[in-house]
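Colleague: The structure file entry_8.txt (compact mmCIF, C-alpha atoms) is provided below.
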# COMPACT_ATOMS: atom_id res chain seq x y z
CA MET H 135 17.90 -3.47 -11.51
CA ASP H 136 18.44 -5.08 -8.09
CA PRO H 137 19.91 -8.52 -8.82
CA ASP H 138 20.82 -9.37 -5.22
CA GLY H 139 17.76 -7.91 -3.51
CA ASN H 140 16.00 -10.08 -0.91
CA ILE H 141 14.65 -10.11 2.62
CA THR H 142 16.71 -12.24 5.00
CA ILE H 143 15.40 -13.57 8.31
CA LYS H 144 17.82 -14.77 10.98
CA TRP H 145 17.06 -16.82 14.07
CA ASP H 146 19.86 -16.41 16.63
CA PHE H 147 19.67 -18.79 19.61
CA MET H 148 21.16 -16.71 22.42
CA THR H 149 20.67 -18.88 25.54
CA ASN H 150 19.22 -22.24 26.49
CA SER H 151 18.12 -23.84 29.71
CA GLY H 152 17.03 -27.41 29.16
CA ASP H 153 14.24 -27.22 26.62
CA MET H 154 13.86 -23.44 26.97
CA TYR H 155 15.55 -21.14 24.43
CA MET H 156 15.87 -17.39 24.11
CA VAL H 157 15.79 -16.55 20.39
CA SER H 158 16.47 -13.23 18.71
CA VAL H 159 14.76 -12.97 15.32
CA SER H 160 15.91 -10.28 12.87
CA ILE H 161 14.40 -9.29 9.52
CA TYR H 162 16.75 -7.52 7.09
CA ASN H 163 15.51 -5.78 3.95
CA TYR H 164 18.42 -6.09 1.52
CA GLN H 165 16.47 -4.59 -1.39
CA LEU H 166 17.80 -1.38 -2.90
CA TYR H 167 14.45 0.22 -3.72
CA ARG H 168 11.62 -2.08 -2.66
CA HIS H 169 10.30 -1.29 0.82
CA ILE H 170 7.59 -2.76 3.05
CA GLU H 171 4.61 -0.47 3.53
CA ARG H 172 1.72 -0.64 5.99
CA PRO H 173 0.17 -2.88 7.19
CA GLY H 174 3.71 -4.28 7.31
CA TRP H 175 5.25 -7.73 7.56
CA ARG H 176 3.42 -10.66 9.18
CA LEU H 177 5.99 -13.37 9.79
CA GLY H 178 4.65 -16.91 9.95
CA TRP H 179 5.91 -20.49 10.14
CA THR H 180 4.82 -23.99 11.16
CA TRP H 181 6.38 -25.73 14.17
CA PRO H 182 7.59 -29.33 13.62
CA ASN H 183 6.28 -30.57 16.97
CA ASP H 184 4.51 -29.13 20.02
CA GLU H 185 6.66 -26.04 20.51
CA VAL H 186 5.21 -23.06 22.37
CA ILE H 187 6.21 -19.41 22.77
CA TRP H 188 6.27 -18.41 26.43
CA ASP H 189 7.12 -14.75 26.05
CA MET H 190 7.79 -12.11 23.37
CA ARG H 191 9.40 -8.66 23.29
CA GLY H 192 9.27 -6.33 20.29
CA ALA H 193 6.47 -8.26 18.58
CA GLU H 194 3.41 -10.36 19.34
CA THR H 195 1.42 -13.21 17.86
CA THR H 196 -1.99 -12.44 16.41
CA ASN H 197 -3.60 -15.39 18.25
CA GLN H 198 -2.75 -17.19 21.47
CA GLY H 199 -4.20 -20.53 20.38
CA ASN H 200 -5.28 -23.40 22.61
CA CYS H 201 -3.14 -23.42 25.78
CA SER H 202 -5.62 -25.44 27.88
CA LYS H 203 -3.06 -28.13 28.76
CA PHE H 204 -1.15 -25.58 30.85
CA LYS H 205 -2.49 -25.06 34.35
CA GLY H 206 -2.22 -22.19 36.79
CA ASP H 207 -1.36 -18.59 36.09
CA ASN H 208 1.73 -19.29 34.00
CA ILE H 209 0.23 -19.50 30.49
CA PRO H 210 2.34 -19.30 27.28
CA HIS H 211 2.14 -16.33 24.96
CA CYS H 212 1.22 -18.60 22.03
CA CYS H 213 0.43 -22.31 21.62
CA GLU H 214 -0.50 -22.29 17.93
CA LYS H 215 1.04 -24.79 15.53
CA SER H 216 1.39 -22.08 12.87
CA PRO H 217 1.76 -18.71 14.63
CA THR H 218 1.68 -15.34 12.90
CA ILE H 219 3.92 -12.65 14.37
CA VAL H 220 3.40 -8.92 13.84
CA ASP H 221 5.49 -5.92 14.80
CA LEU H 222 4.36 -3.75 17.69
CA LEU H 223 3.15 -0.22 17.04
CA PRO H 224 4.99 3.01 17.82
CA GLY H 225 4.39 4.10 21.40
CA THR H 226 4.68 0.59 22.84
CA PRO H 227 5.78 0.63 26.53
CA TYR H 228 9.56 0.45 26.88
CA ASN H 229 9.49 -2.81 28.83
CA MET H 230 7.91 -4.50 25.77
CA GLN H 231 10.35 -3.08 23.23
CA THR H 232 13.57 -4.39 21.72
CA LYS H 233 16.07 -2.73 19.41
CA ASN H 234 14.70 -2.06 15.89
CA CYS H 235 11.12 -2.88 16.83
CA CYS H 236 7.80 -1.16 17.03
CA ARG H 237 7.36 0.48 13.62
CA GLY H 238 4.17 -1.31 12.66
CA GLY H 239 5.97 -3.73 10.34
CA VAL H 240 7.29 -1.02 8.02
CA LEU H 241 10.76 -1.56 6.53
CA SER H 242 12.62 1.07 4.51
CA SER H 243 14.62 0.19 1.42
CA LEU H 244 18.41 0.11 1.76
CA THR H 245 18.84 3.21 -0.37
CA GLN H 246 16.31 5.44 1.36
CA ASP H 247 17.24 4.72 5.00
CA ARG H 248 19.28 1.65 5.90
CA THR H 249 18.82 2.36 9.63
CA LEU H 250 15.11 1.57 9.19
CA ALA H 251 15.62 -1.39 6.86
CA MET H 252 15.61 -4.01 9.62
CA ALA H 253 13.34 -5.19 12.42
CA SER H 254 13.89 -7.56 15.33
CA PHE H 255 12.13 -9.18 18.25
CA GLN H 256 12.90 -11.69 20.99
CA MET H 257 10.97 -14.73 22.10
CA SER H 258 11.31 -17.40 24.77
CA MET H 259 10.32 -20.75 23.32
CA GLU H 260 10.14 -24.32 24.53
CA SER H 261 11.11 -27.29 22.39
CA ALA H 262 12.56 -30.72 23.09
CA ASN H 263 13.95 -31.11 19.54
CA ILE H 264 15.58 -27.78 18.75
CA SER H 265 19.10 -29.16 19.22
CA SER H 266 18.57 -31.43 16.23
CA PRO H 267 18.45 -29.29 13.07
CA ALA H 268 17.01 -32.21 11.08
CA THR H 269 13.87 -32.45 13.20
CA GLY H 270 13.64 -29.15 15.07
CA LYS H 271 13.46 -26.51 12.35
CA PRO H 272 10.15 -24.80 11.54
CA SER H 273 8.87 -24.86 7.96
CA ASN H 274 6.49 -22.98 5.64
CA PHE H 275 7.95 -19.55 6.36
CA THR H 276 5.91 -16.61 5.06
CA LEU H 277 6.22 -12.82 5.27
CA GLY H 278 2.49 -12.20 4.90
CA ILE H 279 3.20 -9.81 2.02
CA PRO H 280 1.90 -10.55 -1.50
CA GLY H 281 4.63 -11.46 -3.97
CA TYR H 282 7.18 -12.88 -1.50
CA THR H 283 8.23 -16.52 -1.34
CA CYS H 284 10.50 -17.77 1.47
CA SER H 285 13.01 -20.60 1.58
CA ASN H 286 13.37 -23.22 4.29
CA ALA H 287 15.51 -22.49 7.33
CA THR H 288 19.16 -23.44 6.90
CA VAL H 289 21.91 -23.62 9.50
CA VAL H 290 24.59 -20.96 8.89
CA ALA H 291 27.62 -19.74 10.80
CA PRO H 292 26.56 -18.30 14.18
CA SER H 293 25.99 -14.55 14.21
CA LYS H 294 28.56 -12.48 16.07
CA PHE H 295 27.85 -9.44 18.21
CA GLN H 296 30.14 -6.63 19.37
CA PHE H 297 29.86 -6.65 23.17
CA ASP H 298 32.28 -3.74 23.67
CA LYS H 299 35.43 -2.43 22.00
CA GLN H 300 37.42 -5.49 23.02
CA ARG H 301 34.98 -8.38 23.23
CA THR H 302 32.83 -10.21 20.64
CA THR H 303 30.12 -12.74 21.49
CA GLN H 304 28.20 -15.11 19.25
CA ALA H 305 24.92 -16.98 19.06
CA LEU H 306 24.71 -20.63 20.07
CA MET H 307 23.20 -21.43 16.68
CA THR H 308 21.83 -19.42 13.75
CA TRP H 309 19.17 -20.26 11.18
CA GLU H 310 18.68 -18.21 8.02
CA ILE H 311 15.66 -17.85 5.75
CA THR H 312 15.70 -15.92 2.44
CA CYS H 313 12.57 -14.39 0.91
CA SER H 314 12.46 -13.16 -2.70
CA PHE H 315 9.90 -11.03 -4.52
CA SER H 316 8.05 -11.67 -7.78
CA GLN H 317 5.72 -9.05 -9.25
CA PHE H 318 3.88 -11.79 -11.15
CA ARG H 319 3.13 -13.60 -7.88
CA GLU H 320 1.92 -10.39 -6.28
CA SER H 321 -0.64 -9.39 -8.89
CA ALA H 322 -1.92 -10.44 -12.28
CA THR H 323 -2.04 -6.78 -13.38
CA PRO H 324 0.50 -3.92 -13.17
CA SER H 325 -0.05 -0.96 -10.87
CA CYS H 326 1.53 1.92 -12.79
CA CYS H 327 2.03 3.20 -16.31
CA VAL H 328 4.07 5.78 -18.23
CA SER H 329 3.05 8.62 -20.54
CA LEU H 330 5.40 10.70 -22.71
CA SER H 331 5.62 14.16 -24.28
CA THR H 332 8.22 16.56 -25.72
CA PHE H 333 8.70 20.25 -26.47
CA TYR H 334 9.28 19.51 -30.17
CA ASN H 335 6.06 17.55 -30.75
CA SER H 336 2.60 18.57 -29.55
CA THR H 337 1.46 14.95 -29.36
CA ILE H 338 1.09 13.51 -25.86
CA VAL H 339 1.55 9.75 -25.79
CA SER H 340 -0.80 8.51 -23.08
CA CYS H 341 -0.49 5.35 -21.02
CA PRO H 342 -1.53 2.30 -23.04
CA ARG H 343 -5.24 1.62 -22.74
CA CYS H 344 -6.15 -0.89 -20.01
CA SER H 345 -2.56 -0.89 -18.71
CA CYS H 346 -3.75 -1.97 -15.27
CA GLY H 347 -7.07 -3.56 -16.15
CA CYS H 348 -10.34 -2.73 -17.87
CA GLN H 349 -13.86 -2.18 -16.62
CA GLY H 350 -16.17 -3.36 -19.37
CA GLU H 351 -15.48 -4.15 -22.99
CA PRO H 352 -14.83 -2.74 -25.47
CA THR H 353 -14.70 0.73 -23.87
CA LEU H 354 -14.51 2.21 -20.41
CA PRO H 355 -17.24 4.50 -19.05
CA THR H 356 -16.68 8.24 -19.31
CA CYS H 357 -15.64 9.57 -15.89
CA SER H 358 -14.93 12.98 -14.45
CA ARG H 359 -12.40 13.88 -11.76
CA GLN H 360 -14.81 13.38 -8.88
CA GLN H 361 -14.62 11.02 -5.94
CA SER H 362 -17.92 9.44 -6.91
CA ASN H 363 -16.53 8.37 -10.27
CA PHE H 364 -14.22 5.49 -9.51
CA LEU H 365 -14.06 1.76 -10.06
CA ARG H 366 -12.27 -1.05 -8.29
CA LEU H 367 -9.56 -2.92 -10.17
CA PRO H 368 -10.20 -6.63 -10.72
CA ASN H 369 -8.05 -9.08 -8.82
CA GLY H 370 -6.13 -11.89 -10.43
CA ASP H 371 -8.67 -14.68 -9.90
CA GLY H 372 -11.70 -12.73 -11.05
CA GLY H 373 -13.42 -12.84 -7.66
CA SER H 374 -14.04 -10.19 -5.06
CA THR H 375 -11.29 -7.64 -4.90
CA THR H 376 -9.34 -5.76 -2.28
CA SER H 377 -7.57 -3.73 -4.97
CA PRO H 378 -7.50 0.08 -4.61
CA ALA H 379 -10.37 2.24 -5.77
CA VAL H 380 -8.98 4.33 -8.62
CA LEU H 381 -10.28 7.19 -10.69
CA CYS H 382 -11.84 6.06 -13.95
CA THR H 383 -9.24 6.51 -16.69
CA PRO H 384 -8.50 4.67 -19.93
CA HIS H 385 -5.42 3.09 -18.31
CA MET H 386 -7.04 2.35 -14.89
CA CYS H 387 -3.71 2.53 -13.03
CA PRO H 388 -3.33 3.83 -9.47
CA ILE H 389 -0.07 5.55 -10.49
CA ARG H 390 0.93 7.35 -13.69
CA VAL H 391 4.45 8.63 -14.34
CA HIS H 392 4.77 11.31 -17.03
CA TRP H 393 8.14 11.92 -18.73
CA HIS H 394 8.35 15.27 -20.53
CA VAL H 395 11.38 16.34 -22.57
CA LYS H 396 11.13 20.01 -21.66
CA GLU H 397 14.00 21.97 -23.18
CA SER H 398 17.22 21.67 -25.15
CA TYR H 399 20.29 23.85 -24.65
CA ARG H 400 23.64 23.83 -26.39
CA GLU H 401 25.27 21.35 -23.98
CA TYR H 402 22.36 20.22 -21.82
CA TRP H 403 18.78 19.03 -22.03
CA ARG H 404 16.03 19.22 -19.43
CA VAL H 405 13.41 16.64 -18.40
CA LYS H 406 10.36 17.01 -16.17
CA VAL H 407 8.97 13.95 -14.38
CA THR H 408 5.52 14.00 -12.74
CA ILE H 409 4.06 11.19 -10.61
CA THR H 410 0.27 11.32 -10.27
CA ASN H 411 -1.79 9.32 -7.78
CA PHE H 412 -5.16 8.13 -9.10
CA ASN H 413 -5.94 6.14 -5.95
CA MET H 414 -9.02 7.68 -4.37
CA TYR H 415 -8.34 6.69 -0.76
CA SER H 416 -4.63 5.83 -0.33
CA ASN H 417 -1.48 7.86 0.13
CA TYR H 418 1.99 6.57 -0.73
CA SER H 419 4.44 7.36 2.05
CA ASP H 420 8.19 7.06 1.43
CA TRP H 421 7.56 6.34 -2.26
CA ASN H 422 10.41 5.84 -4.68
CA LEU H 423 10.93 5.84 -8.43
CA VAL H 424 13.59 3.90 -10.36
CA ILE H 425 14.33 4.89 -13.97
CA GLN H 426 16.71 3.42 -16.53
CA HIS H 427 18.17 5.73 -19.17
CA PRO H 428 21.61 5.73 -20.88
CA ASN H 429 22.19 9.45 -20.20
CA PHE H 430 21.92 9.08 -16.41
CA ARG H 431 25.70 8.79 -16.23
CA SER H 432 25.70 12.51 -17.05
CA ILE H 433 23.08 13.91 -14.67
CA LEU H 434 24.07 17.44 -13.74
CA GLN H 435 21.31 18.49 -11.33
CA ILE H 436 18.10 17.16 -9.77
CA PHE H 437 15.40 19.45 -8.38
CA SER H 438 12.98 18.63 -5.49
CA PHE H 439 13.84 14.89 -5.25
CA ASN H 440 16.57 12.88 -3.58
CA TYR H 441 18.68 10.96 -6.09
CA LEU H 442 21.19 8.11 -6.09
CA PRO H 443 22.63 6.11 -9.01
CA LEU H 444 22.19 2.33 -8.80
CA VAL H 445 25.37 0.89 -10.31
CA GLN H 446 24.97 -2.89 -10.16
CA TYR H 447 26.82 -4.12 -13.26
CA GLY H 448 30.44 -3.03 -13.38
CA GLU H 449 30.72 0.57 -14.54
CA ILE H 450 27.33 0.70 -16.28
CA ASN H 451 25.65 3.79 -14.83
CA ASP H 452 22.23 3.92 -16.51
CA THR H 453 19.87 3.43 -13.56
CA ALA H 454 18.85 6.02 -10.97
CA MET H 455 16.61 6.00 -7.93
CA PHE H 456 14.55 9.03 -6.89
CA TRP H 457 12.53 9.60 -3.73
CA GLY H 458 10.91 12.44 -1.84
CA ILE H 459 12.52 14.92 0.53
CA LYS H 460 11.55 14.32 4.17
CA HIS H 461 8.62 16.46 5.34
CA TYR H 462 8.37 18.10 1.91
CA ASN H 463 7.21 15.63 -0.74
CA ASP H 464 8.00 12.19 0.71
CA MET H 465 4.26 11.47 0.80
CA LEU H 466 2.26 11.19 -2.42
CA ILE H 467 -1.24 11.98 -1.26
CA GLN H 468 -4.48 10.54 -2.65
CA CYS H 469 -6.08 11.54 -5.92
CA GLY H 470 -6.96 15.22 -6.09
CA GLU H 471 -5.55 18.66 -6.73
CA ASN H 472 -2.37 17.93 -4.77
CA GLY H 473 -2.10 14.24 -5.62
CA ASN H 474 1.16 14.53 -7.50
CA VAL H 475 4.87 15.14 -7.04
CA GLN H 476 7.29 16.35 -9.69
CA THR H 477 10.93 17.03 -10.40
CA GLU H 478 13.10 18.38 -13.15
CA MET H 479 16.53 17.12 -14.08
CA LEU H 480 19.34 18.64 -16.11
CA LEU H 481 21.46 16.24 -18.16
CA HIS H 482 24.65 16.80 -20.14
CA LYS H 483 24.58 15.99 -23.84
CA ASP H 484 27.15 13.27 -24.48
CA ALA H 485 28.47 13.92 -27.97
CA ALA H 486 29.04 10.23 -28.64
CA ASP H 487 25.43 9.09 -28.36
CA PHE H 488 23.04 11.98 -27.65
CA THR H 489 20.05 12.27 -29.98
CA PHE H 490 16.38 13.16 -29.84
CA GLY H 491 15.62 10.70 -32.62
CA GLY H 492 14.50 7.09 -32.43
CA GLY H 493 13.03 7.42 -28.94
CA TRP H 494 16.48 7.73 -27.36
CA ALA H 495 15.31 10.58 -25.09
CA PHE H 496 12.75 8.38 -23.32
CA PRO H 497 13.35 5.96 -20.44
CA ARG H 498 14.04 2.29 -21.16
CA ARG H 499 12.41 1.03 -17.98
CA LEU H 500 10.65 2.55 -14.99
CA SER H 501 9.30 1.27 -11.69
CA PHE H 502 7.32 2.87 -8.86
CA ASN H 503 7.74 1.41 -5.36
CA GLY H 504 9.44 -1.61 -6.88
CA HIS H 505 6.68 -2.34 -9.40
CA ASP H 506 7.51 -2.22 -13.12
CA CYS H 507 5.36 0.29 -14.99
CA VAL H 508 3.74 -0.29 -18.37
CA MET H 509 5.53 1.68 -21.11
CA PRO H 510 3.91 2.84 -24.36
CA PRO H 511 4.95 0.85 -27.44
CA PRO H 512 8.09 2.35 -29.06
CA ASP H 513 6.35 2.99 -32.39
CA SER H 514 4.00 5.44 -30.63
CA TYR H 515 6.78 7.63 -29.17
CA PRO H 516 6.73 11.34 -30.14
CA THR H 517 8.77 11.84 -33.32
CA MET H 518 10.91 14.67 -34.58
CA PRO H 519 9.16 17.29 -36.75
CA ASN H 520 9.23 16.71 -40.51
CA GLY H 521 10.73 13.26 -39.98
CA SER H 522 14.06 14.67 -38.74
CA SER H 523 16.18 12.10 -36.98
CA THR H 524 17.62 14.50 -34.44
CA LEU H 525 16.88 17.96 -33.18
CA SER H 526 20.53 18.85 -33.48
CA SER H 527 20.41 18.20 -37.23
CA LEU H 528 17.35 20.46 -37.49
CA VAL H 529 19.09 23.25 -35.60
CA HIS H 530 22.18 22.77 -37.78
CA CYS H 531 20.13 23.19 -40.97
CA VAL H 532 18.45 26.32 -39.62
CA SER H 533 21.81 27.80 -38.64
CA LEU H 534 23.18 27.16 -42.16
CA VAL H 535 20.21 28.94 -43.74
CA LEU H 536 20.60 31.91 -41.42
CA SER H 537 24.33 32.07 -42.11
CA SER H 538 23.73 32.08 -45.88
CA PHE H 539 21.10 34.80 -45.52
CA LEU H 540 23.35 37.01 -43.41
CA LEU H 541 26.23 36.53 -45.83
CA SER H 542 23.99 37.61 -48.72
CA VAL H 543 22.94 40.74 -46.81
CA VAL H 544 26.56 41.65 -46.10
CA LEU H 545 27.53 41.21 -49.75
CA LEU H 546 24.63 43.45 -50.87
CA LEU H 547 25.68 46.14 -48.43
CA LEU H 548 29.20 46.03 -49.74
Kindly transcribe the structure held in the file into structure tokens.
Modeller:
Amino acid sequence: MDPDGNITIKWDFMTNSGDMYMVSVSIYNYQLYRHIERPGWRLGWTWPNDEVIWDMRGAETTNQGNCSKFKGDNIPHCCEKSPTIVDLLPGTPYNMQTKNCCRGGVLSSLTQDRTLAMASFQMSMESANISSPATGKPSNFTLGIPGYTCSNATVVAPSKFQFDKQRTTQALMTWEITCSFSQFRESATPSCCVSLSTFYNSTIVSCPRCSCGCQGEPTLPTCSRQQSNFLRLPNGDGGSTTSPAVLCTPHMCPIRVHWHVKESYREYWRVKVTITNFNMYSNYSDWNLVIQHPNFRSILQIFSFNYLPLVQYGEINDTAMFWGIKHYNDMLIQCGENGNVQTEMLLHKDAADFTFGGGWAFPRRLSFNGHDCVMPPPDSYPTMPNGSSTLSSLVHCVSLVLSSFLLSVVLLLL
């Protein structure tokens, strides 16, 4: 649903004086719906030689390292072979800030707020080999975020900057690193699931059992909706876990998305979507939901959520992104009475393909915060009453019976 999504890192060499370079590093989140949450990015690399960072603005290294070979009061900011750089926090003094810094490593997705989808910092570094791309480039780039893998640095065309309305400047040299995301690298288990229901069938199709892991076999313990009744999800290697503490449920997912086919009108149908947080201690700020359904090309109205279609393949308009309204429901708070957000959407019935039969009314794919959710198996979807293939056919039959009855009454009166 986001074929070109990635995080791109650019090193722009702005000035040099002998072996000293001023470098501007920028991190761009080019992902449509996947954002970087707290604790944020932690950019790392390995120097090829004995490079040091003398000064930084807009970020800082987590450790200074061994700088004992430098004498006097002039000590580098970092002497580590493999430094880790983190964003500064909001409220940092102005003389330590740069443009697009100081948000605690948080990056918005492109769709939600592209002005907050990048970060940058500056550093003064010393290296005797930086002019030779073959020997001077760092390696082993990491973002410090589970699921991301980064490429090596490559030399690209120098970045250009608009100095004023008439003049453009450019970097002396630019390196580029691309980082891509894999949900399988991030976690061995999913983190969300989907349940389904309809107005024409009283059956509620729950999330598949053990969607996000199991605690004990063959059954889970019976738990009530109390903070004391939670378990920690297992991590991928079976060892100690830092996974969220979630309420005990048969699916054991931190997030459940419920899709309810609510009503049917002559030309429209109505769906209610509810996102529930089962995480006992964590909120989800700036959350987003991406859903794939063939009728999204005919959305008439969305209530309580922001909405934008994601058209990535020609004119195919079957994918939509939803997220909360600022200061209203953009934060999904922890498990409890208010630990959910919901919306309703009104969709037009396309005569060519609309049907309530065969599971057509349910989403094809769904993801929360960029993580694919576990769907129920298609053979468990709510079915039409009495084996009807479509609700429209049922209504048509009822209307024919009523018409025949009324006609009989009229004839008797005559």
Colleague: If I take atom CA of H:Pro388 and atom CA of H:Ile467, how far is one from the other in Å, to one decimal?
Modeller: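 According to the coordinates, atom CA of H:Pro388 and atom CA of H:Ile467 are separated by 11.8 Å.
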Colleague: Return the single residue from H:Leu500, H:Ile141, H:Cys213, H:Ala291 that is closest to H:Ser314, with distances computed using all atoms listed in the file.
Modeller: H:Ile141
Colleague: As JSON, please report the centre and edge lengths, rounded to one decimal in Å, of the axis-aligned box that holds all listed atoms of stretch 488-498 of chain H with 3 Å of padding on each of the six sides.
Modeller:
{"center_x": 17.9, "center_y": 7.7, "center_z": -26.5, "size_x": 16.3, "size_y": 16.9, "size_z": 18.2}
Colleague: Ranking H:Ile459, H:Ile143, H:Cys201, H:Leu480 by minimum distance to H:Asn440 and counting only C-alpha atoms, which one comes first?
Modeller: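 Using only C-alpha atoms, the shortest distance to H:Asn440 belongs to H:Ile459.
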Colleague: So that I can see what lies close to stretch 408-421 of chain H, please list as a PyMOL selection string the residues with an atom at most 8 Å from it, counting only C-alpha atoms and leaving out residues fewer than 3 positions away in the same chain.
Modeller: chain H and resi 171+361+364+378-381+387-393+457-458+464-470+473-477+502-503
Colleague: Write the residues of the preceding selection, restricted to C-alpha atoms, as an mmCIF file, keeping the file's coordinate frame.
Modeller:
data_model
loop_
_atom_site.group_PDB
_atom_site.id
_atom_site.type_symbol
_atom_site.label_atom_id
_atom_site.label_comp_id
_atom_site.auth_asym_id
_atom_site.auth_seq_id
_atom_site.Cartn_x
_atom_site.Cartn_y
_atom_site.Cartn_z
ATOM 1 C CA GLU H 171 4.610 -0.470 3.530
ATOM 2 C CA GLN H 361 -14.620 11.020 -5.940
ATOM 3 C CA PHE H 364 -14.220 5.490 -9.510
ATOM 4 C CA PRO H 378 -7.500 0.080 -4.610
ATOM 5 C CA ALA H 379 -10.370 2.240 -5.770
ATOM 6 C CA VAL H 380 -8.980 4.330 -8.620
ATOM 7 C CA LEU H 381 -10.280 7.190 -10.690
ATOM 8 C CA CYS H 387 -3.710 2.530 -13.030
ATOM 9 C CA PRO H 388 -3.330 3.830 -9.470
ATOM 10 C CA ILE H 389 -0.070 5.550 -10.490
ATOM 11 C CA ARG H 390 0.930 7.350 -13.690
ATOM 12 C CA VAL H 391 4.450 8.630 -14.340
ATOM 13 C CA HIS H 392 4.770 11.310 -17.030
ATOM 14 C CA TRP H 393 8.140 11.920 -18.730
ATOM 15 C CA TRP H 457 12.530 9.600 -3.730
ATOM 16 C CA GLY H 458 10.910 12.440 -1.840
ATOM 17 C CA ASP H 464 8.000 12.190 0.710
ATOM 18 C CA MET H 465 4.260 11.470 0.800
ATOM 19 C CA LEU H 466 2.260 11.190 -2.420
ATOM 20 C CA ILE H 467 -1.240 11.980 -1.260
ATOM 21 C CA GLN H 468 -4.480 10.540 -2.650
ATOM 22 C CA CYS H 469 -6.080 11.540 -5.920
ATOM 23 C CA GLY H 470 -6.960 15.220 -6.090
ATOM 24 C CA GLY H 473 -2.100 14.240 -5.620
ATOM 25 C CA ASN H 474 1.160 14.530 -7.500
ATOM 26 C CA VAL H 475 4.870 15.140 -7.040
ATOM 27 C CA GLN H 476 7.290 16.350 -9.690
ATOM 28 C CA THR H 477 10.930 17.030 -10.400
ATOM 29 C CA PHE H 502 7.320 2.870 -8.860
ATOM 30 C CA ASN H 503 7.740 1.410 -5.360
#
Colleague: Which polymer residues have any atom within 8 Å of an atom of stretch 223-229 of chain H, counting all atoms listed in the file, with same-chain residues fewer than 6 positions away left out, as a list in words?
Modeller: Cys236, Arg237 and Gly238 of chain H
Colleague: Show which residues sit within 7 Å of H:Arg431, as a VMD selection string. Count only C-alpha atoms, and ignore same-chain residues fewer than 2 positions away.
Modeller: chain H and resid 428 to 429 433 451 to 452
Colleague: Filtering to C-alpha atoms, could you give me those residues as a PDB file, in the frame of the given file?
Modeller:
ATOM      1  CA  PRO H 428      21.610   5.730 -20.880  1.00  0.00           C
ATOM      2  CA  ASN H 429      22.190   9.450 -20.200  1.00  0.00           C
ATOM      3  CA  ILE H 433      23.080  13.910 -14.670  1.00  0.00           C
ATOM      4  CA  ASN H 451      25.650   3.790 -14.830  1.00  0.00           C
ATOM      5  CA  ASP H 452      22.230   3.920 -16.510  1.00  0.00           C
TER       6      ASP H 452
END
Colleague: Since fewer atoms than expected are present, regenerate N, CA and C atoms for stretch 404-415 of chain H and write them as an mmCIF file, keeping the file's coordinate frame.
Modeller:
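Contents of part_35.cif, freshly written:
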data_model
loop_
_atom_site.group_PDB
_atom_site.id
_atom_site.type_symbol
_atom_site.label_atom_id
_atom_site.label_comp_id
_atom_site.auth_asym_id
_atom_site.auth_seq_id
_atom_site.Cartn_x
_atom_site.Cartn_y
_atom_site.Cartn_z
ATOM 1 N N ARG H 404 16.773 19.156 -20.679
ATOM 2 C CA ARG H 404 16.030 19.220 -19.430
ATOM 3 C C ARG H 404 14.784 18.324 -19.532
ATOM 4 N N VAL H 405 14.538 17.561 -18.457
ATOM 5 C CA VAL H 405 13.410 16.640 -18.400
ATOM 6 C C VAL H 405 12.584 16.938 -17.160
ATOM 7 N N LYS H 406 11.272 16.882 -17.305
ATOM 8 C CA LYS H 406 10.360 17.010 -16.170
ATOM 9 C C LYS H 406 9.640 15.688 -15.963
ATOM 10 N N VAL H 407 9.625 15.207 -14.728
ATOM 11 C CA VAL H 407 8.970 13.950 -14.380
ATOM 12 C C VAL H 407 7.873 14.247 -13.355
ATOM 13 N N THR H 408 6.658 13.782 -13.636
ATOM 14 C CA THR H 408 5.520 14.000 -12.740
ATOM 15 C C THR H 408 4.890 12.659 -12.388
ATOM 16 N N ILE H 409 4.724 12.404 -11.093
ATOM 17 C CA ILE H 409 4.060 11.190 -10.610
ATOM 18 C C ILE H 409 2.691 11.584 -10.093
ATOM 19 N N THR H 410 1.643 10.979 -10.636
ATOM 20 C CA THR H 410 0.270 11.320 -10.270
ATOM 21 C C THR H 410 -0.412 10.124 -9.631
ATOM 22 N N ASN H 411 -1.070 10.375 -8.510
ATOM 23 C CA ASN H 411 -1.790 9.320 -7.780
ATOM 24 C C ASN H 411 -3.261 9.356 -8.170
ATOM 25 N N PHE H 412 -3.752 8.249 -8.748
ATOM 26 C CA PHE H 412 -5.160 8.130 -9.100
ATOM 27 C C PHE H 412 -5.928 7.264 -8.106
ATOM 28 N N ASN H 413 -5.279 6.908 -7.003
ATOM 29 C CA ASN H 413 -5.940 6.140 -5.950
ATOM 30 C C ASN H 413 -6.807 7.091 -5.136
ATOM 31 N N MET H 414 -8.083 6.759 -4.999
ATOM 32 C CA MET H 414 -9.020 7.680 -4.370
ATOM 33 C C MET H 414 -8.879 7.762 -2.855
ATOM 34 N N TYR H 415 -8.330 6.723 -2.225
ATOM 35 C CA TYR H 415 -8.340 6.690 -0.760
ATOM 36 C C TYR H 415 -6.958 6.495 -0.135
#
